[in-house]
$ cat work30.cif   # mmCIF, C-alpha atoms
data_upload
#
loop_
_atom_site.label_atom_id
_atom_site.label_comp_id
_atom_site.auth_asym_id
_atom_site.auth_seq_id
_atom_site.Cartn_x
_atom_site.Cartn_y
_atom_site.Cartn_z
CA MET A 1 130.24 103.85 110.72
CA ILE A 2 127.25 104.48 108.48
CA ARG A 3 126.60 100.73 108.25
CA TYR A 4 126.53 100.55 112.03
CA LEU A 5 124.05 103.43 112.19
CA ILE A 6 121.80 101.89 109.54
CA LYS A 7 121.82 98.57 111.37
CA ASN A 8 121.12 100.26 114.70
CA ASN A 9 118.30 102.38 113.21
CA PHE A 10 116.71 99.26 111.77
CA LYS A 11 116.69 97.71 115.25
CA ILE A 12 115.11 100.82 116.77
CA MET A 13 112.40 100.91 114.11
CA PHE A 14 111.52 97.25 114.47
CA ARG A 15 111.33 97.61 118.25
CA ASN A 16 108.43 99.97 117.56
CA GLY A 17 106.54 97.22 115.78
CA VAL A 18 103.13 98.79 116.38
CA ASN A 19 103.76 101.44 113.73
CA LEU A 20 104.81 98.83 111.20
CA LEU A 21 101.81 96.68 112.10
CA ILE A 22 99.55 99.66 111.40
CA TYR A 23 101.09 99.87 107.95
CA ILE A 24 100.28 96.23 107.30
CA ILE A 25 96.76 96.09 108.70
CA GLY A 26 95.61 99.70 108.14
CA PRO A 27 95.40 99.67 104.32
CA ILE A 28 93.57 96.33 104.36
CA LEU A 29 90.91 97.45 106.83
CA ILE A 30 90.28 100.81 105.18
CA SER A 31 90.26 99.26 101.70
CA ALA A 32 87.74 96.62 102.78
CA VAL A 33 85.40 99.18 104.36
CA LEU A 34 85.49 101.65 101.46
CA ALA A 35 85.30 98.93 98.81
CA SER A 36 82.11 97.65 100.42
CA ALA A 37 80.63 101.13 100.91
CA PHE A 38 81.26 102.27 97.33
CA SER A 39 80.93 98.97 95.48
CA ALA A 40 77.91 100.14 93.48
CA LEU A 41 79.63 103.35 92.39
CA LEU A 42 82.22 101.58 90.25
CA GLU A 43 80.27 98.48 89.27
CA SER A 44 79.76 99.82 85.78
CA TYR A 45 81.92 102.74 84.81
CA GLU A 46 80.28 103.71 81.54
CA SER A 47 78.41 106.63 80.06
CA ALA A 48 75.00 107.16 81.59
CA GLY A 49 73.56 108.25 78.24
CA ASP A 50 70.65 110.67 77.96
CA PHE A 51 68.19 110.57 80.85
CA LYS A 52 65.46 112.55 82.58
CA ALA A 53 65.89 114.17 85.97
CA GLY A 54 63.50 116.04 88.20
CA TYR A 55 63.89 119.02 90.44
CA SER A 56 62.01 121.13 92.94
CA ILE A 57 62.97 124.60 94.06
CA GLU A 58 61.89 126.44 97.16
CA GLU A 59 60.06 129.73 96.64
CA GLY A 60 62.42 132.64 97.19
CA SER A 61 65.55 130.56 96.64
CA VAL A 62 68.56 132.63 95.57
CA LEU A 63 69.22 130.01 92.91
CA ILE A 64 66.05 130.68 90.93
CA PRO A 65 67.80 133.09 88.48
CA TYR A 66 70.26 130.33 87.55
CA MET A 67 67.74 127.60 86.73
CA ASP A 68 67.47 128.41 83.00
CA ALA A 69 71.26 128.25 82.72
CA LEU A 70 71.30 124.96 84.63
CA LYS A 71 68.66 123.42 82.35
CA GLU A 72 70.57 124.54 79.27
CA VAL A 73 73.88 123.13 80.49
CA ALA A 74 72.18 119.91 81.56
CA GLN A 75 70.45 119.50 78.20
CA ASP A 76 73.76 120.01 76.38
CA ASN A 77 75.00 117.00 78.33
CA GLY A 78 71.97 114.78 77.80
CA ILE A 79 70.18 115.47 81.10
CA TYR A 80 66.62 116.76 80.75
CA PHE A 81 65.16 118.51 83.80
CA THR A 82 61.47 118.66 84.68
CA GLU A 83 60.12 120.57 87.68
CA TYR A 84 57.85 118.75 90.16
CA GLU A 85 56.06 120.84 92.75
CA THR A 86 54.57 118.02 94.86
CA GLY A 87 55.73 114.64 96.06
CA THR A 88 58.88 113.35 97.73
CA PRO A 89 62.03 112.82 95.64
CA LYS A 90 61.90 109.06 96.13
CA GLU A 91 58.26 108.82 95.05
CA ILE A 92 58.81 111.04 92.01
CA ILE A 93 61.89 109.06 90.89
CA GLU A 94 60.01 105.76 91.12
CA GLU A 95 56.77 107.03 89.56
CA TYR A 96 58.33 108.75 86.55
CA GLY A 97 61.39 106.54 86.10
CA LEU A 98 63.87 109.37 86.56
CA GLY A 99 67.63 109.02 86.69
CA GLY A 100 67.80 111.38 89.68
CA PHE A 101 66.24 114.31 91.47
CA VAL A 102 67.57 117.64 92.74
CA GLU A 103 65.92 119.35 95.69
CA ILE A 104 66.89 123.04 95.95
CA LYS A 105 66.30 125.01 99.14
CA GLY A 106 67.66 128.47 99.81
CA ASP A 107 71.21 128.51 98.56
CA SER A 108 71.86 124.75 98.76
CA TYR A 109 70.77 121.59 97.01
CA THR A 110 70.46 117.85 97.61
CA VAL A 111 70.82 115.21 94.91
CA TYR A 112 68.75 112.02 95.11
CA GLU A 113 69.56 109.06 92.89
CA SER A 114 67.62 106.03 91.78
CA ALA A 115 68.61 102.80 93.52
CA ASP A 116 68.84 101.14 90.09
CA GLU A 117 70.62 103.98 88.28
CA LYS A 118 73.83 104.64 90.22
CA VAL A 119 75.76 105.81 87.18
CA LYS A 120 73.08 108.37 86.28
CA GLY A 121 72.96 109.55 89.88
CA SER A 122 76.74 110.05 89.92
CA THR A 123 76.59 111.94 86.63
CA LEU A 124 73.87 114.22 87.99
CA GLU A 125 75.91 114.84 91.16
CA TYR A 126 78.94 115.69 89.03
CA LEU A 127 76.91 118.16 86.95
CA MET A 128 75.44 119.91 89.98
CA THR A 129 78.79 120.17 91.77
CA ALA A 130 80.57 121.59 88.72
CA PHE A 131 77.70 123.98 87.92
CA PHE A 132 77.49 125.45 91.40
CA ASN A 133 81.26 125.72 91.62
CA ALA A 134 80.97 127.92 88.53
CA ILE A 135 78.33 130.04 90.28
CA ILE A 136 80.50 130.46 93.36
CA SER A 137 83.46 131.52 91.22
CA GLY A 138 81.29 134.20 89.64
CA ASP A 139 81.49 132.79 86.12
CA THR A 140 77.74 132.84 85.42
CA LYS A 141 77.55 134.77 82.15
CA ASP A 142 78.47 131.93 79.86
CA ILE A 143 78.63 128.69 81.82
CA LYS A 144 79.83 125.82 79.71
CA LEU A 145 80.34 122.37 81.09
CA SER A 146 81.16 119.04 79.57
CA VAL A 147 80.08 116.05 81.62
CA MET A 148 81.41 112.83 80.21
CA TYR A 149 83.23 109.67 81.12
CA PRO A 150 86.75 110.15 79.74
CA ASP A 151 88.36 107.73 77.34
CA HIS A 152 91.13 106.94 79.82
CA ALA A 153 88.70 105.57 82.42
CA PRO A 154 89.88 102.09 83.40
CA SER A 155 87.59 99.16 84.00
CA VAL A 156 88.10 98.84 87.75
CA ASP A 157 85.84 97.91 90.64
CA SER A 158 85.84 99.46 94.09
CA THR A 159 87.91 96.63 95.62
CA ASP A 160 90.73 97.12 93.12
CA TYR A 161 90.50 100.90 93.31
CA TYR A 162 90.63 101.34 97.07
CA GLY A 163 92.86 98.30 97.58
CA ILE A 164 95.45 100.02 95.40
CA ILE A 165 95.18 103.69 96.22
CA TYR A 166 95.38 103.17 100.00
CA ILE A 167 98.71 101.47 99.59
CA ALA A 168 99.79 104.70 97.90
CA TYR A 169 98.13 106.87 100.56
CA PHE A 170 99.81 105.09 103.48
CA GLY A 171 103.11 105.31 101.62
CA TRP A 172 102.88 109.10 101.71
CA LEU A 173 102.46 108.96 105.50
CA SER A 174 105.75 107.16 106.05
CA ILE A 175 106.68 109.65 108.79
CA ILE A 176 104.59 107.44 111.11
CA CYS A 177 107.10 104.61 110.84
CA ALA A 178 109.95 107.00 111.68
CA ALA A 179 108.30 108.17 114.92
CA GLY A 180 110.18 105.76 117.18
CA LEU A 181 113.54 106.39 115.53
CA LEU A 182 113.33 110.19 115.45
CA SER A 183 111.91 110.43 118.96
CA ASN A 184 114.74 108.22 120.23
CA GLU A 185 117.33 110.44 118.53
CA LYS A 186 115.73 113.54 120.02
CA LYS A 187 115.59 112.02 123.49
CA ASN A 188 119.19 110.81 123.51
CA ARG A 189 120.59 113.85 121.67
CA ILE A 190 122.04 111.63 118.96
CA THR A 191 122.26 114.48 116.45
CA GLU A 192 124.48 116.54 118.77
CA ARG A 193 126.74 113.56 119.35
CA LEU A 194 127.11 112.92 115.63
CA CYS A 195 128.16 116.52 115.11
CA VAL A 196 131.51 115.79 116.80
CA SER A 197 132.11 112.72 114.64
CA ASP A 198 133.53 112.65 111.13
CA LEU A 199 130.21 111.45 109.73
CA SER A 200 128.87 113.87 107.14
CA SER A 201 125.34 115.27 107.16
CA LEU A 202 124.59 113.25 104.00
CA LYS A 203 125.62 109.98 105.63
CA THR A 204 123.63 110.79 108.74
CA TYR A 205 120.61 111.48 106.53
CA LEU A 206 121.04 108.23 104.61
CA SER A 207 121.32 106.29 107.88
CA ARG A 208 117.73 107.40 108.57
CA LEU A 209 116.32 107.34 105.05
CA ILE A 210 117.43 103.81 104.10
CA PRO A 211 115.86 102.05 107.14
CA LEU A 212 112.70 104.15 106.84
CA VAL A 213 112.14 103.47 103.14
CA THR A 214 112.96 99.78 103.55
CA SER A 215 110.64 99.33 106.54
CA VAL A 216 107.71 101.09 104.85
CA LEU A 217 108.31 99.17 101.63
CA ILE A 218 108.35 95.81 103.42
CA SER A 219 105.21 96.65 105.46
CA LEU A 220 103.22 97.87 102.46
CA GLY A 221 104.53 94.96 100.39
CA ILE A 222 103.08 92.54 102.93
CA SER A 223 99.85 94.56 103.03
CA SER A 224 99.62 94.46 99.21
CA LEU A 225 100.02 90.69 99.16
CA LEU A 226 97.37 90.27 101.86
CA ASN A 227 95.08 92.54 99.84
CA VAL A 228 95.53 90.21 96.87
CA PHE A 229 94.78 87.04 98.83
CA LEU A 230 92.12 88.36 101.23
CA LEU A 231 90.28 90.91 99.08
CA GLY A 232 91.17 89.77 95.57
CA VAL A 233 92.84 93.03 94.53
CA HIS A 234 94.33 92.90 91.02
CA TRP A 235 97.61 94.69 90.38
CA GLY A 236 98.52 95.32 86.76
CA ASN A 237 102.17 95.05 85.69
CA ALA A 238 103.47 94.18 89.14
CA ALA A 239 107.07 95.24 88.45
CA LEU A 240 106.15 98.72 87.19
CA SER A 241 103.56 99.19 89.94
CA ALA A 242 106.16 98.23 92.56
CA LEU A 243 108.61 100.74 91.09
CA ILE A 244 106.02 103.53 91.22
CA VAL A 245 105.20 102.73 94.86
CA PHE A 246 108.91 102.51 95.76
CA VAL A 247 109.80 105.92 94.29
CA SER A 248 106.73 107.47 95.94
CA ILE A 249 107.74 106.02 99.31
CA LEU A 250 111.21 107.45 98.74
CA ALA A 251 109.72 110.90 98.11
CA ALA A 252 107.34 110.61 101.08
CA SER A 253 110.13 109.51 103.43
CA ALA A 254 112.33 112.37 102.27
CA PHE A 255 109.38 114.73 102.82
CA GLY A 256 108.83 113.48 106.38
CA LEU A 257 112.52 113.71 107.29
CA MET A 258 112.66 117.22 105.85
CA LEU A 259 109.73 118.31 108.01
CA PHE A 260 111.40 116.88 111.10
CA GLU A 261 114.71 118.55 110.26
CA LEU A 262 113.04 121.92 109.78
CA THR A 263 110.74 121.76 112.82
CA GLN A 264 112.81 119.57 115.16
CA SER A 265 109.48 118.31 116.48
CA MET A 266 107.93 114.93 115.79
CA VAL A 267 104.46 116.25 116.64
CA ALA A 268 104.76 119.23 114.29
CA ALA A 269 106.27 117.14 111.49
CA THR A 270 103.50 114.55 111.77
CA PHE A 271 100.75 117.19 111.87
CA ILE A 272 102.07 119.00 108.80
CA ALA A 273 102.57 115.73 106.92
CA PHE A 274 99.00 114.61 107.66
CA ALA A 275 97.59 117.98 106.59
CA VAL A 276 99.53 118.03 103.31
CA VAL A 277 98.87 114.37 102.45
CA TRP A 278 95.16 114.65 103.32
CA THR A 279 94.86 117.66 101.00
CA MET A 280 96.71 115.84 98.20
CA GLY A 281 94.52 112.79 98.74
CA PHE A 282 91.30 114.84 98.76
CA ILE A 283 92.16 116.39 95.42
CA GLY A 284 94.01 113.40 93.96
CA GLY A 285 91.40 110.66 94.37
CA SER A 286 92.20 108.96 97.68
CA PHE A 287 88.66 109.52 98.98
CA GLU A 288 86.42 110.39 96.05
CA THR A 289 87.46 108.46 92.93
CA TYR A 290 89.48 110.69 90.63
CA MET A 291 87.34 109.59 87.66
CA LEU A 292 84.22 111.20 89.16
CA SER A 293 85.94 114.10 90.88
CA SER A 294 84.90 117.59 89.77
CA HIS A 295 88.23 119.19 90.70
CA PRO A 296 89.93 120.88 87.74
CA GLU A 297 92.37 118.59 85.93
CA ALA A 298 95.11 121.22 86.23
CA LEU A 299 94.73 121.21 90.03
CA LYS A 300 94.78 117.42 90.23
CA ASN A 301 97.93 117.28 88.11
CA LEU A 302 99.75 119.35 90.72
CA MET A 303 99.34 116.53 93.24
CA PRO A 304 102.00 113.77 93.10
CA ILE A 305 99.57 111.35 94.71
CA TYR A 306 97.15 111.88 91.80
CA HIS A 307 99.83 110.80 89.32
CA GLU A 308 100.55 107.74 91.45
CA ASN A 309 96.89 106.84 91.98
CA ARG A 310 96.03 107.21 88.32
CA ALA A 311 99.07 105.29 87.11
CA LEU A 312 98.45 102.37 89.49
CA VAL A 313 94.69 102.20 88.83
CA GLU A 314 95.13 102.38 85.05
CA LEU A 315 97.81 99.70 85.16
CA SER A 316 95.33 97.51 87.05
CA GLY A 317 92.37 98.23 84.78
CA MET A 318 94.02 98.58 81.37
CA GLY A 319 97.51 97.12 81.76
CA HIS A 320 99.16 100.40 80.76
CA SER A 321 99.15 104.06 81.78
CA ASP A 322 100.45 107.26 80.26
CA TYR A 323 100.92 108.52 83.81
CA ALA A 324 103.36 105.78 84.89
CA VAL A 325 106.56 107.51 83.78
CA GLY A 326 105.31 110.88 85.01
CA ALA A 327 104.51 109.45 88.44
CA ILE A 328 108.04 108.05 88.76
CA VAL A 329 109.75 111.22 87.54
CA TYR A 330 107.58 113.53 89.65
CA ALA A 331 108.19 111.55 92.85
CA GLY A 332 111.88 111.15 92.03
CA VAL A 333 112.36 114.89 91.56
CA LEU A 334 110.54 115.61 94.82
CA ALA A 335 112.72 113.06 96.65
CA VAL A 336 115.86 114.83 95.42
CA ILE A 337 114.53 118.31 96.33
CA PHE A 338 113.44 117.25 99.82
CA SER A 339 116.75 115.45 100.42
CA VAL A 340 118.80 118.47 99.34
CA ILE A 341 116.82 120.74 101.67
CA THR A 342 117.22 118.30 104.59
CA VAL A 343 120.94 117.72 104.14
CA GLY A 344 121.58 121.42 103.49
CA SER A 345 119.70 122.44 106.62
CA ALA A 346 121.50 119.83 108.72
CA GLU A 347 124.88 120.95 107.39
CA ILE A 348 124.16 124.61 108.23
CA LYS A 349 123.14 123.69 111.77
CA ARG A 350 126.20 121.47 112.10
CA ARG A 351 128.54 124.32 111.20
CA LEU A 352 126.78 126.75 113.51
CA ARG A 353 127.30 124.32 116.38
#
$ encode --input "work30.cif" --output "structure tokens"
Amino acid sequence: MIRYLIKNNFKIMFRNGVNLLIYIIGPILISAVLASAFSALLESYESAGDFKAGYSIEEGSVLIPYMDALKEVAQDNGIYFTEYETGTPKEIIEEYGLGGFVEIKGDSYTVYESADEKVKGSTLEYLMTAFFNAIISGDTKDIKLSVMYPDHAPSVDSTDYYGIIYIAYFGWLSIICAAGLLSNEKKNRITERLCVSDLSSLKTYLSRLIPLVTSVLISLGISSLLNVFLLGVHWGNAALSALIVFVSILAASAFGLMLFELTQSMVAATFIAFAVVWTMGFIGGSFETYMLSSHPEALKNLMPIYHENRALVELSGMGHSDYAVGAIVYAGVLAVIFSVITVGSAEIKRRLR
């Protein structure tokens, strides 16, 4: 009977072809837009070296007491600040050949970068973000910061980066592809009907999981190939990259089905999934590149999508990654945990009925 259910669920999912089409076209469109918008950011991922930066600070700003600490931290990292009281940031950068400029007003700041010095501008932005995060946390007595481009940084451009990580991001939103199937089951009370059959909760779960994982994998596989041919995205070690994406899709699908089982609402499950995945993506490098992110490394390592992003990008840029095995194991463990919770919950409800 489980084979019949799997076959039938496949048919239901492919009748809702719009969702699958989104999974094919969506990553390509978003990758193309972001790759174009941030092309300069990753053109040359290398140390900015020592450089001069300017700043201006508004009289009465609450940040005045911290300026000496900022200058000291900046100098330790090869950035030398000079105050300029007149002139616009753009004019000052061009006239004095600065790597960037910080304009401080009240309790906020704005970073301006030179059009020809994107790497220096990004480094200055990183320094300011990390420094003011330290101020907010209250750790202002002995602020120490190390701004550097880590040794593990792969040589990757924006097209490769976003073309890869949005395949991973869409994979974690696999609940979208299950919308038609789960809504159909809810509408026709399929779960209640299966309760009177001899089909176990595990088999019922697998009859949903297998079509979902397969459909998402096929859709993102097609999207990945189109990314290669249309955008020129380079995947490193295709077999290992495919395995990482597959296990992550397995974990994401199990996560989505767990949310639906616990909430019994497609709307609630989708909302929670989007909120969780967006948060993981924000911290794990789906929007801001993880190489330039100022989030603590310990926090990023908690996010499974960070392990996946980093493993796939490093495989593309360097041909190897120390995060590859970890990404597979992490996602695999999550898939098992989510599956156990889903099947256990379904079995309890089955017995109560």
$ resolve_selection --input "work30.cif" --expression "the PyMOL selection byres ((chain A and resi 84-95) around 8)" --output "CSV table (one decimal) with C-alpha atoms, in the frame of the given file"
chain,number,residue,atom,x,y,z
A,54,GLY,CA,63.5,116.0,88.2
A,55,TYR,CA,63.9,119.0,90.4
A,56,SER,CA,62.0,121.1,92.9
A,57,ILE,CA,63.0,124.6,94.1
A,82,THR,CA,61.5,118.7,84.7
A,83,GLU,CA,60.1,120.6,87.7
A,96,TYR,CA,58.3,108.8,86.6
A,97,GLY,CA,61.4,106.5,86.1
A,98,LEU,CA,63.9,109.4,86.6
A,99,GLY,CA,67.6,109.0,86.7
A,100,GLY,CA,67.8,111.4,89.7
A,101,PHE,CA,66.2,114.3,91.5
A,102,VAL,CA,67.6,117.6,92.7
A,103,GLU,CA,65.9,119.4,95.7
A,112,TYR,CA,68.8,112.0,95.1
A,113,GLU,CA,69.6,109.1,92.9
A,114,SER,CA,67.6,106.0,91.8
$ resolve_selection --input "work30.cif" --expression "the PyMOL selection byres ((chain A and resi 252) around 12)" --output "PyMOL selection string"
chain A and resi 168-178+209+212-213+216-217+245-251+253-259+273-274+276-277+304-305+330-339
$ write_last_selection --input "work30.cif" --atoms "C-alpha atoms" --output "PDB file, keeping the file's coordinate frame"
ATOM      1  CA  ALA A 168      99.790 104.700  97.900  1.00  0.00           C
ATOM      2  CA  TYR A 169      98.130 106.870 100.560  1.00  0.00           C
ATOM      3  CA  PHE A 170      99.810 105.090 103.480  1.00  0.00           C
ATOM      4  CA  GLY A 171     103.110 105.310 101.620  1.00  0.00           C
ATOM      5  CA  TRP A 172     102.880 109.100 101.710  1.00  0.00           C
ATOM      6  CA  LEU A 173     102.460 108.960 105.500  1.00  0.00           C
ATOM      7  CA  SER A 174     105.750 107.160 106.050  1.00  0.00           C
ATOM      8  CA  ILE A 175     106.680 109.650 108.790  1.00  0.00           C
ATOM      9  CA  ILE A 176     104.590 107.440 111.110  1.00  0.00           C
ATOM     10  CA  CYS A 177     107.100 104.610 110.840  1.00  0.00           C
ATOM     11  CA  ALA A 178     109.950 107.000 111.680  1.00  0.00           C
ATOM     12  CA  LEU A 209     116.320 107.340 105.050  1.00  0.00           C
ATOM     13  CA  LEU A 212     112.700 104.150 106.840  1.00  0.00           C
ATOM     14  CA  VAL A 213     112.140 103.470 103.140  1.00  0.00           C
ATOM     15  CA  VAL A 216     107.710 101.090 104.850  1.00  0.00           C
ATOM     16  CA  LEU A 217     108.310  99.170 101.630  1.00  0.00           C
ATOM     17  CA  VAL A 245     105.200 102.730  94.860  1.00  0.00           C
ATOM     18  CA  PHE A 246     108.910 102.510  95.760  1.00  0.00           C
ATOM     19  CA  VAL A 247     109.800 105.920  94.290  1.00  0.00           C
ATOM     20  CA  SER A 248     106.730 107.470  95.940  1.00  0.00           C
ATOM     21  CA  ILE A 249     107.740 106.020  99.310  1.00  0.00           C
ATOM     22  CA  LEU A 250     111.210 107.450  98.740  1.00  0.00           C
ATOM     23  CA  ALA A 251     109.720 110.900  98.110  1.00  0.00           C
ATOM     24  CA  SER A 253     110.130 109.510 103.430  1.00  0.00           C
ATOM     25  CA  ALA A 254     112.330 112.370 102.270  1.00  0.00           C
ATOM     26  CA  PHE A 255     109.380 114.730 102.820  1.00  0.00           C
ATOM     27  CA  GLY A 256     108.830 113.480 106.380  1.00  0.00           C
ATOM     28  CA  LEU A 257     112.520 113.710 107.290  1.00  0.00           C
ATOM     29  CA  MET A 258     112.660 117.220 105.850  1.00  0.00           C
ATOM     30  CA  LEU A 259     109.730 118.310 108.010  1.00  0.00           C
ATOM     31  CA  ALA A 273     102.570 115.730 106.920  1.00  0.00           C
ATOM     32  CA  PHE A 274      99.000 114.610 107.660  1.00  0.00           C
ATOM     33  CA  VAL A 276      99.530 118.030 103.310  1.00  0.00           C
ATOM     34  CA  VAL A 277      98.870 114.370 102.450  1.00  0.00           C
ATOM     35  CA  PRO A 304     102.000 113.770  93.100  1.00  0.00           C
ATOM     36  CA  ILE A 305      99.570 111.350  94.710  1.00  0.00           C
ATOM     37  CA  TYR A 330     107.580 113.530  89.650  1.00  0.00           C
ATOM     38  CA  ALA A 331     108.190 111.550  92.850  1.00  0.00           C
ATOM     39  CA  GLY A 332     111.880 111.150  92.030  1.00  0.00           C
ATOM     40  CA  VAL A 333     112.360 114.890  91.560  1.00  0.00           C
ATOM     41  CA  LEU A 334     110.540 115.610  94.820  1.00  0.00           C
ATOM     42  CA  ALA A 335     112.720 113.060  96.650  1.00  0.00           C
ATOM     43  CA  VAL A 336     115.860 114.830  95.420  1.00  0.00           C
ATOM     44  CA  ILE A 337     114.530 118.310  96.330  1.00  0.00           C
ATOM     45  CA  PHE A 338     113.440 117.250  99.820  1.00  0.00           C
ATOM     46  CA  SER A 339     116.750 115.450 100.420  1.00  0.00           C
TER      47      SER A 339
END
$ residues_around --input "work30.cif" --residues "A:Ile244" --least-positions-apart "3" --cutoff "8 Å" --atoms "all atoms listed in the file" --output "NGL selection string"
:A and (240-241 or 247-248 or 308 or 312 or 324 or 327-328)
$ resolve_selection --input "work30.cif" --expression "the PyMOL selection byres ((chain A and resi 310) around 10)" --output "list of chain:residue names"
A:His152, A:Ala153, A:Pro154, A:Tyr161, A:Ile165, A:Gly284, A:Gly285, A:Thr289, A:Tyr290, A:Met291, A:Ile305, A:Tyr306, A:His307, A:Glu308, A:Asn309, A:Ala311, A:Leu312, A:Val313, A:Glu314, A:Leu315, A:Ser316, A:Ser321, A:Asp322, A:Tyr323, A:Ala324, A:Ala327
$ closest_residue --input "work30.cif" --among "A:Lys52, A:Ile222, A:Phe131, A:Ser122" --to "A:Val73" --atoms "only C-alpha atoms"
A:Phe131
$ axis_aligned_box --input "work30.cif" --around "stretch 310-317 of chain A" --padding-each-side "4 Å" --output "JSON"
{"center_x": 95.7, "center_y": 102.4, "center_z": 87.1, "size_x": 14.7, "size_y": 17.7, "size_z": 12.7}
$ closest_residue --input "work30.cif" --among "A:Thr204, A:Thr342, A:Thr214, A:Ser293" --to "A:Glu125" --atoms "all atoms listed in the file"
A:Ser293
$ closest_residue --input "work30.cif" --among "A:Tyr166, A:Tyr205, A:Tyr126, A:Tyr23" --to "A:Asn9" --atoms "all atoms listed in the file"
A:Tyr205
$ closest_residue --input "work30.cif" --among "A:Ala32, A:Trp278, A:Gly163, A:Ala53" --to "A:Gly121" --atoms "only C-alpha atoms"
A:Ala53
$ atom_distance --input "work30.cif" --atom1 "atom CA of A:Phe10" --atom2 "atom CA of A:Ser183"
14.1 Å
$ residues_near_point --input "work30.cif" --point "(96.8, 97.3, 102.6)" --cutoff "8 Å" --atoms "all atoms listed in the file" --output "list in words"
Tyr23, Ile24, Ile25, Gly26, Pro27, Ile28, Leu29, Ile30, Ser31, Gly163, Ile164, Tyr166, Ile167, Leu220, Ile222, Ser223, Ser224, Leu226 and Asn227 of chain A
$ write_last_selection --input "work30.cif" --atoms "C-alpha atoms" --output "PDB file, in the frame of the given file"
ATOM      1  CA  TYR A  23     101.090  99.870 107.950  1.00  0.00           C
ATOM      2  CA  ILE A  24     100.280  96.230 107.300  1.00  0.00           C
ATOM      3  CA  ILE A  25      96.760  96.090 108.700  1.00  0.00           C
ATOM      4  CA  GLY A  26      95.610  99.700 108.140  1.00  0.00           C
ATOM      5  CA  PRO A  27      95.400  99.670 104.320  1.00  0.00           C
ATOM      6  CA  ILE A  28      93.570  96.330 104.360  1.00  0.00           C
ATOM      7  CA  LEU A  29      90.910  97.450 106.830  1.00  0.00           C
ATOM      8  CA  ILE A  30      90.280 100.810 105.180  1.00  0.00           C
ATOM      9  CA  SER A  31      90.260  99.260 101.700  1.00  0.00           C
ATOM     10  CA  GLY A 163      92.860  98.300  97.580  1.00  0.00           C
ATOM     11  CA  ILE A 164      95.450 100.020  95.400  1.00  0.00           C
ATOM     12  CA  TYR A 166      95.380 103.170 100.000  1.00  0.00           C
ATOM     13  CA  ILE A 167      98.710 101.470  99.590  1.00  0.00           C
ATOM     14  CA  LEU A 220     103.220  97.870 102.460  1.00  0.00           C
ATOM     15  CA  ILE A 222     103.080  92.540 102.930  1.00  0.00           C
ATOM     16  CA  SER A 223      99.850  94.560 103.030  1.00  0.00           C
ATOM     17  CA  SER A 224      99.620  94.460  99.210  1.00  0.00           C
ATOM     18  CA  LEU A 226      97.370  90.270 101.860  1.00  0.00           C
ATOM     19  CA  ASN A 227      95.080  92.540  99.840  1.00  0.00           C
TER      20      ASN A 227
END
$ build_atoms --input "work30.cif" --residues "stretch 167-178 of chain A" --atoms "N, CA and C atoms" --output "short mmCIF file (atom, residue, chain, number, x, y, z; two decimals), keeping the file's coordinate frame"
data_model
loop_
_atom_site.label_atom_id
_atom_site.label_comp_id
_atom_site.auth_asym_id
_atom_site.auth_seq_id
_atom_site.Cartn_x
_atom_site.Cartn_y
_atom_site.Cartn_z
N ILE A 167 97.29 101.80 99.48
CA ILE A 167 98.71 101.47 99.59
C ILE A 167 99.53 102.72 99.30
N ALA A 168 99.11 103.45 98.26
CA ALA A 168 99.79 104.70 97.90
C ALA A 168 99.62 105.75 99.00
N TYR A 169 98.41 105.85 99.54
CA TYR A 169 98.13 106.87 100.56
C TYR A 169 98.97 106.64 101.81
N PHE A 170 99.02 105.41 102.29
CA PHE A 170 99.81 105.09 103.48
C PHE A 170 101.30 105.31 103.21
N GLY A 171 101.72 105.07 101.97
CA GLY A 171 103.11 105.31 101.62
C GLY A 171 103.51 106.75 101.83
N TRP A 172 102.58 107.68 101.56
CA TRP A 172 102.88 109.10 101.71
C TRP A 172 102.87 109.53 103.17
N LEU A 173 102.44 108.66 104.06
CA LEU A 173 102.46 108.96 105.50
C LEU A 173 103.57 108.19 106.21
N SER A 174 104.66 107.98 105.51
CA SER A 174 105.75 107.16 106.05
C SER A 174 106.38 107.74 107.31
N ILE A 175 106.14 109.03 107.59
CA ILE A 175 106.68 109.65 108.79
C ILE A 175 106.24 108.90 110.04
N ILE A 176 105.09 108.21 109.96
CA ILE A 176 104.59 107.44 111.11
C ILE A 176 105.59 106.38 111.52
N CYS A 177 106.15 105.69 110.54
CA CYS A 177 107.10 104.61 110.84
C CYS A 177 108.41 105.14 111.40
N ALA A 178 108.70 106.41 111.18
CA ALA A 178 109.95 107.00 111.68
C ALA A 178 109.78 107.58 113.08
#
